[in-house]
file input.cif (mmCIF, N, CA and C atoms)
data_protein
loop_
_atom_site.label_atom_id
_atom_site.label_comp_id
_atom_site.auth_asym_id
_atom_site.auth_seq_id
_atom_site.Cartn_x
_atom_site.Cartn_y
_atom_site.Cartn_z
N MET A 167 53.54 -98.77 139.86
CA MET A 167 52.46 -98.04 140.49
C MET A 167 52.81 -96.55 140.47
N ALA A 168 51.81 -95.73 140.24
CA ALA A 168 52.00 -94.28 140.16
C ALA A 168 52.41 -93.72 141.52
N ASP A 169 53.28 -92.74 141.49
CA ASP A 169 53.77 -92.08 142.71
C ASP A 169 52.90 -90.86 142.98
N THR A 170 51.92 -91.02 143.85
CA THR A 170 51.00 -89.91 144.12
C THR A 170 51.70 -88.77 144.85
N ASP A 171 52.71 -89.06 145.67
CA ASP A 171 53.43 -87.98 146.35
C ASP A 171 54.12 -87.08 145.33
N LEU A 172 54.76 -87.69 144.34
CA LEU A 172 55.40 -86.91 143.28
C LEU A 172 54.36 -86.12 142.51
N ALA A 173 53.26 -86.75 142.17
CA ALA A 173 52.20 -86.09 141.42
C ALA A 173 51.68 -84.87 142.17
N LEU A 174 51.46 -85.02 143.46
CA LEU A 174 50.95 -83.90 144.26
C LEU A 174 52.00 -82.80 144.40
N SER A 175 53.26 -83.17 144.51
CA SER A 175 54.33 -82.16 144.59
C SER A 175 54.43 -81.36 143.30
N VAL A 176 54.36 -82.04 142.17
CA VAL A 176 54.42 -81.35 140.88
C VAL A 176 53.19 -80.45 140.73
N ASP A 177 52.03 -80.95 141.11
CA ASP A 177 50.81 -80.14 141.04
C ASP A 177 50.93 -78.89 141.90
N ARG A 178 51.42 -79.03 143.13
CA ARG A 178 51.59 -77.86 144.01
C ARG A 178 52.56 -76.86 143.39
N PHE A 179 53.65 -77.35 142.83
CA PHE A 179 54.64 -76.48 142.21
C PHE A 179 54.02 -75.72 141.04
N MET A 180 53.25 -76.42 140.21
CA MET A 180 52.60 -75.76 139.07
C MET A 180 51.60 -74.71 139.54
N ARG A 181 50.85 -75.02 140.59
CA ARG A 181 49.89 -74.05 141.11
C ARG A 181 50.59 -72.84 141.71
N ARG A 182 51.75 -73.06 142.34
CA ARG A 182 52.51 -71.92 142.89
C ARG A 182 53.05 -71.04 141.76
N ILE A 183 53.49 -71.64 140.67
CA ILE A 183 53.93 -70.86 139.51
C ILE A 183 52.76 -70.04 138.98
N HIS A 184 51.62 -70.69 138.80
CA HIS A 184 50.44 -70.01 138.28
C HIS A 184 50.04 -68.85 139.19
N SER A 185 50.03 -69.09 140.48
CA SER A 185 49.66 -68.06 141.45
C SER A 185 50.64 -66.88 141.40
N ALA A 186 51.92 -67.18 141.33
CA ALA A 186 52.93 -66.12 141.27
C ALA A 186 52.76 -65.28 140.00
N LEU A 187 52.46 -65.92 138.89
CA LEU A 187 52.25 -65.18 137.64
C LEU A 187 50.97 -64.35 137.70
N GLN A 188 49.91 -64.93 138.24
CA GLN A 188 48.66 -64.20 138.35
C GLN A 188 48.82 -62.95 139.23
N ALA A 189 49.60 -63.08 140.30
CA ALA A 189 49.79 -61.95 141.21
C ALA A 189 50.52 -60.79 140.53
N ARG A 190 51.32 -61.09 139.53
CA ARG A 190 52.10 -60.06 138.84
C ARG A 190 51.63 -59.79 137.42
N ALA A 191 50.51 -60.35 137.02
CA ALA A 191 50.05 -60.26 135.63
C ALA A 191 49.95 -58.82 135.14
N ALA A 192 49.51 -57.92 136.00
CA ALA A 192 49.36 -56.51 135.58
C ALA A 192 50.69 -55.90 135.16
N GLU A 193 51.79 -56.43 135.67
CA GLU A 193 53.12 -55.90 135.35
C GLU A 193 53.61 -56.33 133.96
N PHE A 194 53.22 -57.53 133.53
CA PHE A 194 53.80 -58.04 132.28
C PHE A 194 52.78 -58.41 131.21
N ASP A 195 51.53 -58.63 131.58
CA ASP A 195 50.52 -59.04 130.58
C ASP A 195 49.87 -57.80 129.99
N THR A 196 50.67 -57.00 129.31
CA THR A 196 50.20 -55.73 128.76
C THR A 196 49.20 -55.92 127.63
N GLU A 197 49.18 -57.07 127.00
CA GLU A 197 48.24 -57.35 125.91
C GLU A 197 47.00 -58.09 126.40
N ASN A 198 46.93 -58.34 127.70
CA ASN A 198 45.78 -59.05 128.28
C ASN A 198 45.50 -60.37 127.57
N VAL A 199 46.53 -61.19 127.44
CA VAL A 199 46.35 -62.48 126.79
C VAL A 199 45.87 -63.55 127.77
N GLY A 200 46.07 -63.34 129.06
CA GLY A 200 45.65 -64.30 130.07
C GLY A 200 46.45 -65.58 130.03
N PRO A 201 46.13 -66.49 130.95
CA PRO A 201 46.89 -67.75 131.02
C PRO A 201 46.82 -68.59 129.74
N ALA A 202 45.64 -68.72 129.15
CA ALA A 202 45.51 -69.55 127.94
C ALA A 202 46.30 -68.95 126.78
N GLY A 203 46.18 -67.65 126.61
CA GLY A 203 46.92 -66.98 125.54
C GLY A 203 48.42 -67.04 125.77
N GLY A 204 48.82 -66.87 127.03
CA GLY A 204 50.25 -66.94 127.36
C GLY A 204 50.83 -68.31 127.09
N MET A 205 50.10 -69.35 127.50
CA MET A 205 50.59 -70.71 127.25
C MET A 205 50.68 -70.99 125.75
N LEU A 206 49.71 -70.49 124.99
CA LEU A 206 49.74 -70.71 123.55
C LEU A 206 50.92 -69.97 122.91
N LEU A 207 51.15 -68.74 123.33
CA LEU A 207 52.29 -67.98 122.78
C LEU A 207 53.61 -68.67 123.10
N LEU A 208 53.79 -69.12 124.34
CA LEU A 208 55.03 -69.81 124.70
C LEU A 208 55.18 -71.12 123.92
N THR A 209 54.07 -71.80 123.68
CA THR A 209 54.10 -73.04 122.91
C THR A 209 54.46 -72.77 121.46
N LEU A 210 53.92 -71.70 120.89
CA LEU A 210 54.29 -71.33 119.51
C LEU A 210 55.76 -71.01 119.41
N ALA A 211 56.31 -70.35 120.41
CA ALA A 211 57.75 -70.03 120.40
C ALA A 211 58.57 -71.31 120.40
N GLU A 212 58.07 -72.33 121.07
CA GLU A 212 58.77 -73.61 121.15
C GLU A 212 58.59 -74.44 119.89
N MET A 213 57.36 -74.47 119.35
CA MET A 213 57.05 -75.36 118.23
C MET A 213 57.34 -74.75 116.85
N GLY A 214 57.41 -73.45 116.77
CA GLY A 214 57.64 -72.82 115.47
C GLY A 214 56.35 -72.47 114.78
N GLN A 215 55.98 -73.26 113.78
CA GLN A 215 54.78 -73.00 112.98
C GLN A 215 53.90 -74.24 112.93
N PRO A 216 53.28 -74.59 114.05
CA PRO A 216 52.45 -75.79 114.05
C PRO A 216 51.12 -75.58 113.35
N GLU A 217 50.56 -76.67 112.87
CA GLU A 217 49.20 -76.63 112.35
C GLU A 217 48.25 -76.59 113.54
N ILE A 218 47.06 -76.06 113.30
CA ILE A 218 46.09 -75.91 114.38
C ILE A 218 45.79 -77.25 115.04
N HIS A 219 45.69 -78.31 114.26
CA HIS A 219 45.39 -79.62 114.85
C HIS A 219 46.50 -80.09 115.79
N GLU A 220 47.75 -79.69 115.52
CA GLU A 220 48.85 -80.03 116.43
C GLU A 220 48.70 -79.30 117.76
N LEU A 221 48.24 -78.06 117.69
CA LEU A 221 48.02 -77.29 118.92
C LEU A 221 46.86 -77.86 119.73
N THR A 222 45.78 -78.26 119.05
CA THR A 222 44.65 -78.83 119.79
C THR A 222 45.07 -80.11 120.49
N ALA A 223 45.91 -80.90 119.84
CA ALA A 223 46.41 -82.13 120.47
C ALA A 223 47.34 -81.81 121.64
N ARG A 224 48.22 -80.85 121.47
CA ARG A 224 49.17 -80.48 122.53
C ARG A 224 48.45 -79.97 123.77
N PHE A 225 47.37 -79.22 123.57
CA PHE A 225 46.63 -78.63 124.69
C PHE A 225 45.44 -79.47 125.13
N ALA A 226 45.17 -80.56 124.42
CA ALA A 226 44.01 -81.41 124.71
C ALA A 226 42.72 -80.57 124.76
N ARG A 227 42.56 -79.74 123.75
CA ARG A 227 41.37 -78.89 123.61
C ARG A 227 40.70 -79.23 122.28
N ASP A 228 39.44 -78.86 122.17
CA ASP A 228 38.80 -79.07 120.87
C ASP A 228 39.13 -77.89 119.96
N LYS A 229 38.87 -78.09 118.69
CA LYS A 229 39.25 -77.11 117.68
C LYS A 229 38.59 -75.76 117.93
N SER A 230 37.33 -75.74 118.39
CA SER A 230 36.66 -74.46 118.61
C SER A 230 37.32 -73.66 119.72
N GLN A 231 37.76 -74.33 120.79
CA GLN A 231 38.45 -73.63 121.87
C GLN A 231 39.77 -73.04 121.36
N MET A 232 40.51 -73.85 120.63
CA MET A 232 41.81 -73.40 120.13
C MET A 232 41.62 -72.26 119.13
N THR A 233 40.63 -72.37 118.26
CA THR A 233 40.36 -71.33 117.28
C THR A 233 40.01 -70.01 117.96
N ARG A 234 39.27 -70.10 119.06
CA ARG A 234 38.88 -68.89 119.81
C ARG A 234 40.12 -68.18 120.39
N VAL A 235 41.02 -68.94 121.00
CA VAL A 235 42.24 -68.33 121.58
C VAL A 235 43.13 -67.78 120.46
N ILE A 236 43.28 -68.54 119.40
CA ILE A 236 44.09 -68.07 118.27
C ILE A 236 43.49 -66.79 117.69
N GLY A 237 42.17 -66.75 117.55
CA GLY A 237 41.50 -65.56 117.03
C GLY A 237 41.74 -64.34 117.90
N MET A 238 41.69 -64.53 119.22
CA MET A 238 41.95 -63.42 120.14
C MET A 238 43.38 -62.91 119.97
N LEU A 239 44.34 -63.83 119.87
CA LEU A 239 45.74 -63.44 119.71
C LEU A 239 45.98 -62.79 118.34
N GLU A 240 45.25 -63.28 117.34
CA GLU A 240 45.37 -62.71 115.99
C GLU A 240 44.82 -61.28 115.98
N THR A 241 43.70 -61.04 116.64
CA THR A 241 43.11 -59.71 116.74
C THR A 241 44.08 -58.72 117.39
N LYS A 242 44.86 -59.20 118.35
CA LYS A 242 45.83 -58.37 119.06
C LYS A 242 47.13 -58.20 118.28
N GLY A 243 47.24 -58.87 117.13
CA GLY A 243 48.43 -58.75 116.30
C GLY A 243 49.61 -59.57 116.79
N LEU A 244 49.34 -60.62 117.59
CA LEU A 244 50.42 -61.42 118.18
C LEU A 244 50.73 -62.67 117.38
N VAL A 245 49.74 -63.16 116.63
CA VAL A 245 49.94 -64.34 115.79
C VAL A 245 49.28 -64.08 114.44
N THR A 246 49.67 -64.88 113.49
CA THR A 246 49.03 -64.86 112.18
C THR A 246 48.88 -66.30 111.72
N LYS A 247 47.96 -66.52 110.82
CA LYS A 247 47.75 -67.85 110.25
C LYS A 247 48.06 -67.79 108.76
N ARG A 248 48.50 -68.92 108.25
CA ARG A 248 48.67 -69.05 106.81
C ARG A 248 48.49 -70.51 106.43
N PRO A 249 48.22 -70.77 105.17
CA PRO A 249 48.02 -72.17 104.75
C PRO A 249 49.29 -73.00 104.99
N SER A 250 49.09 -74.22 105.38
CA SER A 250 50.19 -75.14 105.59
C SER A 250 50.78 -75.53 104.24
N GLN A 251 52.09 -75.62 104.17
CA GLN A 251 52.72 -76.09 102.93
C GLN A 251 52.51 -77.59 102.75
N ARG A 252 52.32 -78.28 103.85
CA ARG A 252 52.12 -79.72 103.82
C ARG A 252 50.70 -80.09 103.37
N ASP A 253 49.72 -79.30 103.83
CA ASP A 253 48.32 -79.59 103.52
C ASP A 253 47.60 -78.25 103.39
N GLN A 254 47.29 -77.85 102.19
CA GLN A 254 46.68 -76.55 101.93
C GLN A 254 45.33 -76.36 102.61
N ARG A 255 44.69 -77.46 103.04
CA ARG A 255 43.42 -77.33 103.76
C ARG A 255 43.63 -76.92 105.21
N ALA A 256 44.84 -77.11 105.71
CA ALA A 256 45.16 -76.80 107.11
C ALA A 256 45.85 -75.44 107.20
N SER A 257 45.81 -74.85 108.39
CA SER A 257 46.50 -73.59 108.63
C SER A 257 47.60 -73.80 109.66
N VAL A 258 48.69 -73.08 109.48
CA VAL A 258 49.72 -73.02 110.51
C VAL A 258 49.58 -71.69 111.23
N VAL A 259 50.03 -71.66 112.46
CA VAL A 259 49.97 -70.46 113.28
C VAL A 259 51.40 -70.07 113.62
N LEU A 260 51.71 -68.79 113.46
CA LEU A 260 53.05 -68.33 113.79
C LEU A 260 53.01 -67.00 114.50
N LEU A 261 54.05 -66.77 115.28
CA LEU A 261 54.17 -65.52 116.01
C LEU A 261 54.52 -64.38 115.07
N THR A 262 53.97 -63.22 115.35
CA THR A 262 54.36 -62.00 114.65
C THR A 262 55.53 -61.39 115.42
N PRO A 263 56.17 -60.36 114.88
CA PRO A 263 57.22 -59.68 115.67
C PRO A 263 56.70 -59.19 117.03
N LYS A 264 55.48 -58.67 117.04
CA LYS A 264 54.87 -58.23 118.30
C LYS A 264 54.68 -59.44 119.22
N GLY A 265 54.28 -60.56 118.68
CA GLY A 265 54.11 -61.79 119.46
C GLY A 265 55.42 -62.24 120.08
N HIS A 266 56.51 -62.13 119.32
CA HIS A 266 57.83 -62.49 119.85
C HIS A 266 58.20 -61.59 121.03
N ARG A 267 57.86 -60.30 120.94
CA ARG A 267 58.14 -59.39 122.07
C ARG A 267 57.35 -59.78 123.31
N VAL A 268 56.08 -60.14 123.11
CA VAL A 268 55.26 -60.57 124.25
C VAL A 268 55.80 -61.86 124.84
N VAL A 269 56.24 -62.79 124.00
CA VAL A 269 56.83 -64.04 124.49
C VAL A 269 58.06 -63.73 125.34
N ALA A 270 58.88 -62.79 124.92
CA ALA A 270 60.06 -62.42 125.71
C ALA A 270 59.65 -61.90 127.09
N GLU A 271 58.60 -61.08 127.13
CA GLU A 271 58.10 -60.56 128.41
C GLU A 271 57.55 -61.68 129.28
N LEU A 272 56.78 -62.57 128.68
CA LEU A 272 56.23 -63.70 129.43
C LEU A 272 57.33 -64.62 129.94
N SER A 273 58.33 -64.86 129.12
CA SER A 273 59.44 -65.73 129.52
C SER A 273 60.19 -65.15 130.70
N THR A 274 60.40 -63.84 130.66
CA THR A 274 61.09 -63.18 131.77
C THR A 274 60.27 -63.28 133.05
N ALA A 275 58.97 -63.02 132.95
CA ALA A 275 58.09 -63.11 134.13
C ALA A 275 58.06 -64.53 134.68
N LEU A 276 58.00 -65.51 133.80
CA LEU A 276 58.00 -66.91 134.22
C LEU A 276 59.31 -67.26 134.91
N ALA A 277 60.43 -66.84 134.33
CA ALA A 277 61.73 -67.11 134.93
C ALA A 277 61.85 -66.47 136.31
N GLU A 278 61.36 -65.25 136.45
CA GLU A 278 61.42 -64.57 137.75
C GLU A 278 60.55 -65.28 138.78
N ALA A 279 59.38 -65.73 138.37
CA ALA A 279 58.50 -66.45 139.30
C ALA A 279 59.15 -67.75 139.76
N ILE A 280 59.74 -68.47 138.83
CA ILE A 280 60.37 -69.74 139.19
C ILE A 280 61.63 -69.50 140.02
N ASP A 281 62.40 -68.47 139.69
CA ASP A 281 63.58 -68.13 140.51
C ASP A 281 63.19 -67.93 141.96
N THR A 282 62.08 -67.25 142.19
CA THR A 282 61.61 -67.02 143.56
C THR A 282 61.24 -68.34 144.23
N LEU A 283 60.59 -69.22 143.50
CA LEU A 283 60.15 -70.49 144.08
C LEU A 283 61.31 -71.43 144.39
N VAL A 284 62.36 -71.39 143.57
CA VAL A 284 63.49 -72.30 143.80
C VAL A 284 64.60 -71.66 144.62
N ALA A 285 64.39 -70.44 145.07
CA ALA A 285 65.41 -69.72 145.87
C ALA A 285 65.88 -70.50 147.10
N PRO A 286 65.00 -71.27 147.76
CA PRO A 286 65.49 -72.03 148.92
C PRO A 286 66.51 -73.12 148.58
N LEU A 287 66.59 -73.49 147.31
CA LEU A 287 67.54 -74.52 146.88
C LEU A 287 68.92 -73.90 146.69
N SER A 288 69.94 -74.69 146.93
CA SER A 288 71.31 -74.23 146.67
C SER A 288 71.52 -74.13 145.16
N THR A 289 72.58 -73.49 144.76
CA THR A 289 72.91 -73.38 143.34
C THR A 289 73.08 -74.76 142.72
N ASP A 290 73.74 -75.67 143.45
CA ASP A 290 73.91 -77.03 142.94
C ASP A 290 72.57 -77.75 142.81
N GLU A 291 71.69 -77.58 143.79
CA GLU A 291 70.37 -78.21 143.72
C GLU A 291 69.55 -77.64 142.57
N GLN A 292 69.66 -76.36 142.35
CA GLN A 292 68.95 -75.74 141.21
C GLN A 292 69.46 -76.31 139.90
N GLN A 293 70.76 -76.54 139.79
CA GLN A 293 71.32 -77.11 138.57
C GLN A 293 70.83 -78.54 138.36
N VAL A 294 70.75 -79.31 139.45
CA VAL A 294 70.24 -80.67 139.35
C VAL A 294 68.78 -80.64 138.88
N LEU A 295 67.98 -79.75 139.47
CA LEU A 295 66.58 -79.62 139.05
C LEU A 295 66.49 -79.26 137.57
N LYS A 296 67.30 -78.32 137.14
CA LYS A 296 67.30 -77.91 135.73
C LYS A 296 67.67 -79.09 134.82
N THR A 297 68.67 -79.84 135.22
CA THR A 297 69.09 -81.00 134.43
C THR A 297 67.99 -82.06 134.36
N LEU A 298 67.35 -82.32 135.49
CA LEU A 298 66.27 -83.30 135.50
C LEU A 298 65.08 -82.84 134.70
N MET A 299 64.73 -81.57 134.80
CA MET A 299 63.61 -81.02 134.02
C MET A 299 63.90 -81.12 132.52
N ALA A 300 65.13 -80.88 132.13
CA ALA A 300 65.49 -80.97 130.71
C ALA A 300 65.31 -82.41 130.20
N ARG A 301 65.52 -83.37 131.06
CA ARG A 301 65.36 -84.77 130.65
C ARG A 301 63.92 -85.18 130.44
N ILE A 302 63.00 -84.54 131.18
CA ILE A 302 61.60 -84.98 131.09
C ILE A 302 60.70 -84.02 130.35
N ALA A 303 61.16 -82.81 130.09
CA ALA A 303 60.30 -81.81 129.46
C ALA A 303 60.30 -81.94 127.96
#
call {"tool": "encode", "arguments": {"input": "input.cif", "output": "structure tokens"}}
result
Amino acid sequence: MADTDLALSVDRFMRRIHSALQARAAEFDTENVGPAGGMLLLTLAEMGQPEIHELTARFARDKSQMTRVIGMLETKGLVTKRPSQRDQRASVVLLTPKGHRVVAELSTALAEAIDTLVAPLSTDEQQVLKTLMARIA
């Protein structure tokens, strides 16, 4: 049976992260990518050069939504597309050097937000949380 207490705790934690980032967005979101663009950039940094269909599956979005976000990031010079080597009909999306710089800024902001949220935990508890997150993420 599903653990609703755990589900609600994880949901609250995610909302607190989102809220903390939104409160500081003016400090680090210099390219105005917003939450959707930020999540896509961080995902590209993790995945490398995914095909667009892989991104739509990862985000559970339709192709038009994903294409719109990718187009916005491409206009800002943060990502570029090129034909897939595996399937010339498909495109892969990759970060540009400017995109990598924005990912570094987003990663730092995310780390700072989470550091604030986990501050009540001891160093040992934070390490346990990190270890557990690595197992499920």
call {"tool": "residues_around", "arguments": {"input": "input.cif", "residues": "Gly214 in chain A", "least_positions_apart": "6", "cutoff": "7 Å", "atoms": "all atoms listed in the file", "output": "list in words"}}
result
Val259, Leu260 and Leu261 of chain A
call {"tool": "closest_residue", "arguments": {"input": "input.cif", "among": "A:Ile218, A:Val245, A:Leu295, A:Met238", "to": "His266 in chain A", "atoms": "all atoms listed in the file"}}
result
A:Val245
call {"tool": "closest_atom_pairs", "arguments": {"input": "input.cif", "of": "range 198-241 of chain A", "to": "range 269-291 of chain A", "cutoff": "8 Å", "atoms": "only N, CA and C atoms", "output": "tab-separated table"}}
result
residue	atom	partner	partner_atom	distance
A:Gly204	CA	A:Leu272	CA	7.1
A:Leu207	C	A:Val269	CA	5.8
A:Leu208	N	A:Val269	CA	5.9
A:Ala211	CA	A:Val269	CA	7.3
call {"tool": "atom_distance", "arguments": {"input": "input.cif", "atom1": "atom N of Ser250 in chain A", "atom2": "CA of Asn198 in chain A"}}
result
27.7 Å
call {"tool": "select_by_dssp", "arguments": {"input": "input.cif", "residues": "chain A", "states": "alpha helix (DSSP H)", "output": "ChimeraX atom specification"}}
result
/A:170-194,200-213,218-225,229-241,263-284,289-302
call {"tool": "closest_residue", "arguments": {"input": "input.cif", "among": "A:Lys247, A:Gly203, A:Glu212, A:Asp171", "to": "Val235 in chain A", "atoms": "only N, CA and C atoms"}}
result
A:Gly203
call {"tool": "atom_distance", "arguments": {"input": "input.cif", "atom1": "CA of Gly265 in chain A", "atom2": "CA of Leu187 in chain A"}}
result
18.6 Å
call {"tool": "atom_distance", "arguments": {"input": "input.cif", "atom1": "atom C of Val258 in chain A", "atom2": "atom N of His219 in chain A"}}
result
8.3 Å
call {"tool": "select_by_dssp", "arguments": {"input": "input.cif", "residues": "chain A", "states": "strand (DSSP E)", "output": "list in words"}}
result
Val245, Thr246, Lys247, Arg248, Pro249, Ser257, Val258, Val259, Leu260 and Leu261 of chain A
call {"tool": "residues_near_point", "arguments": {"input": "input.cif", "point": "(51.2, -58.0, 121.0)", "cutoff": "10 Å", "atoms": "only C-alpha atoms", "output": "PyMOL selection string"}}
result
chain A and resi 195-199+239-245+261-269
call {"tool": "write_last_selection", "arguments": {"input": "input.cif", "atoms": "N, CA and C atoms", "output": "JSON list (two decimals), in the coordinates of the input"}}
result
[["chain", "number", "residue", "atom", "x", "y", "z"],
["A", 195, "ASP", "N", 51.53, -58.63, 131.58],
["A", 195, "ASP", "CA", 50.52, -59.04, 130.58],
["A", 195, "ASP", "C", 49.87, -57.80, 129.99],
["A", 196, "THR", "N", 50.67, -57.00, 129.31],
["A", 196, "THR", "CA", 50.20, -55.73, 128.76],
["A", 196, "THR", "C", 49.20, -55.92, 127.63],
["A", 197, "GLU", "N", 49.18, -57.07, 127.00],
["A", 197, "GLU", "CA", 48.24, -57.35, 125.91],
["A", 197, "GLU", "C", 47.00, -58.09, 126.40],
["A", 198, "ASN", "N", 46.93, -58.34, 127.70],
["A", 198, "ASN", "CA", 45.78, -59.05, 128.28],
["A", 198, "ASN", "C", 45.50, -60.37, 127.57],
["A", 199, "VAL", "N", 46.53, -61.19, 127.44],
["A", 199, "VAL", "CA", 46.35, -62.48, 126.79],
["A", 199, "VAL", "C", 45.87, -63.55, 127.77],
["A", 239, "LEU", "N", 44.34, -63.83, 119.87],
["A", 239, "LEU", "CA", 45.74, -63.44, 119.71],
["A", 239, "LEU", "C", 45.98, -62.79, 118.34],
["A", 240, "GLU", "N", 45.25, -63.28, 117.34],
["A", 240, "GLU", "CA", 45.37, -62.71, 115.99],
["A", 240, "GLU", "C", 44.82, -61.28, 115.98],
["A", 241, "THR", "N", 43.70, -61.04, 116.64],
["A", 241, "THR", "CA", 43.11, -59.71, 116.74],
["A", 241, "THR", "C", 44.08, -58.72, 117.39],
["A", 242, "LYS", "N", 44.86, -59.20, 118.35],
["A", 242, "LYS", "CA", 45.83, -58.37, 119.06],
["A", 242, "LYS", "C", 47.13, -58.20, 118.28],
["A", 243, "GLY", "N", 47.24, -58.87, 117.13],
["A", 243, "GLY", "CA", 48.43, -58.75, 116.30],
["A", 243, "GLY", "C", 49.61, -59.57, 116.79],
["A", 244, "LEU", "N", 49.34, -60.62, 117.59],
["A", 244, "LEU", "CA", 50.42, -61.42, 118.18],
["A", 244, "LEU", "C", 50.73, -62.67, 117.38],
["A", 245, "VAL", "N", 49.74, -63.16, 116.63],
["A", 245, "VAL", "CA", 49.94, -64.34, 115.79],
["A", 245, "VAL", "C", 49.28, -64.08, 114.44],
["A", 261, "LEU", "N", 54.05, -66.77, 115.28],
["A", 261, "LEU", "CA", 54.17, -65.52, 116.01],
["A", 261, "LEU", "C", 54.52, -64.38, 115.07],
["A", 262, "THR", "N", 53.97, -63.22, 115.35],
["A", 262, "THR", "CA", 54.36, -62.00, 114.65],
["A", 262, "THR", "C", 55.53, -61.39, 115.42],
["A", 263, "PRO", "N", 56.17, -60.36, 114.88],
["A", 263, "PRO", "CA", 57.22, -59.68, 115.67],
["A", 263, "PRO", "C", 56.70, -59.19, 117.03],
["A", 264, "LYS", "N", 55.48, -58.67, 117.04],
["A", 264, "LYS", "CA", 54.87, -58.23, 118.30],
["A", 264, "LYS", "C", 54.68, -59.44, 119.22],
["A", 265, "GLY", "N", 54.28, -60.56, 118.68],
["A", 265, "GLY", "CA", 54.11, -61.79, 119.46],
["A", 265, "GLY", "C", 55.42, -62.24, 120.08],
["A", 266, "HIS", "N", 56.51, -62.13, 119.32],
["A", 266, "HIS", "CA", 57.83, -62.49, 119.85],
["A", 266, "HIS", "C", 58.20, -61.59, 121.03],
["A", 267, "ARG", "N", 57.86, -60.30, 120.94],
["A", 267, "ARG", "CA", 58.14, -59.39, 122.07],
["A", 267, "ARG", "C", 57.35, -59.78, 123.31],
["A", 268, "VAL", "N", 56.08, -60.14, 123.11],
["A", 268, "VAL", "CA", 55.26, -60.57, 124.25],
["A", 268, "VAL", "C", 55.80, -61.86, 124.84],
["A", 269, "VAL", "N", 56.24, -62.79, 124.00],
["A", 269, "VAL", "CA", 56.83, -64.04, 124.49],
["A", 269, "VAL", "C", 58.06, -63.73, 125.34]]
call {"tool": "resolve_selection", "arguments": {"input": "input.cif", "expression": "the PyMOL selection byres (((chain A and resi 217 and name CA) around 12) and name CA)", "output": "PyMOL selection string"}}
result
chain A and resi 210+213-216+218-224+229+232-233+236+246-260
call {"tool": "build_atoms", "arguments": {"input": "input.cif", "residues": "range 266-270 of chain A", "atoms": "all heavy atoms", "output": "compact mmCIF listing (two decimals), keeping the file's coordinate frame"}}
result
# COMPACT_ATOMS: atom_id res chain seq x y z
N HIS A 266 56.51 -62.13 119.32
CA HIS A 266 57.83 -62.49 119.85
C HIS A 266 58.20 -61.59 121.03
O HIS A 266 58.79 -62.06 122.01
CB HIS A 266 58.91 -62.40 118.76
CG HIS A 266 58.92 -63.57 117.84
ND1 HIS A 266 59.40 -64.81 118.18
CD2 HIS A 266 58.47 -63.69 116.56
CE1 HIS A 266 59.28 -65.64 117.18
NE2 HIS A 266 58.71 -64.99 116.17
N ARG A 267 57.86 -60.30 120.94
CA ARG A 267 58.14 -59.39 122.07
C ARG A 267 57.35 -59.78 123.31
O ARG A 267 57.87 -59.78 124.42
CB ARG A 267 57.85 -57.94 121.67
CG ARG A 267 58.88 -57.35 120.73
CD ARG A 267 58.72 -55.84 120.56
NE ARG A 267 57.45 -55.44 119.97
CZ ARG A 267 57.17 -55.43 118.67
NH1 ARG A 267 58.11 -55.78 117.79
NH2 ARG A 267 55.99 -55.04 118.23
N VAL A 268 56.08 -60.14 123.11
CA VAL A 268 55.26 -60.57 124.25
C VAL A 268 55.80 -61.86 124.84
O VAL A 268 55.84 -62.03 126.07
CB VAL A 268 53.77 -60.69 123.82
CG1 VAL A 268 52.95 -61.35 124.93
CG2 VAL A 268 53.21 -59.32 123.48
N VAL A 269 56.24 -62.79 124.00
CA VAL A 269 56.83 -64.04 124.49
C VAL A 269 58.06 -63.73 125.34
O VAL A 269 58.26 -64.35 126.40
CB VAL A 269 57.18 -64.99 123.33
CG1 VAL A 269 58.12 -66.11 123.79
CG2 VAL A 269 55.92 -65.58 122.72
N ALA A 270 58.88 -62.79 124.92
CA ALA A 270 60.06 -62.42 125.71
C ALA A 270 59.65 -61.90 127.09
O ALA A 270 60.25 -62.25 128.11
CB ALA A 270 60.89 -61.38 124.97
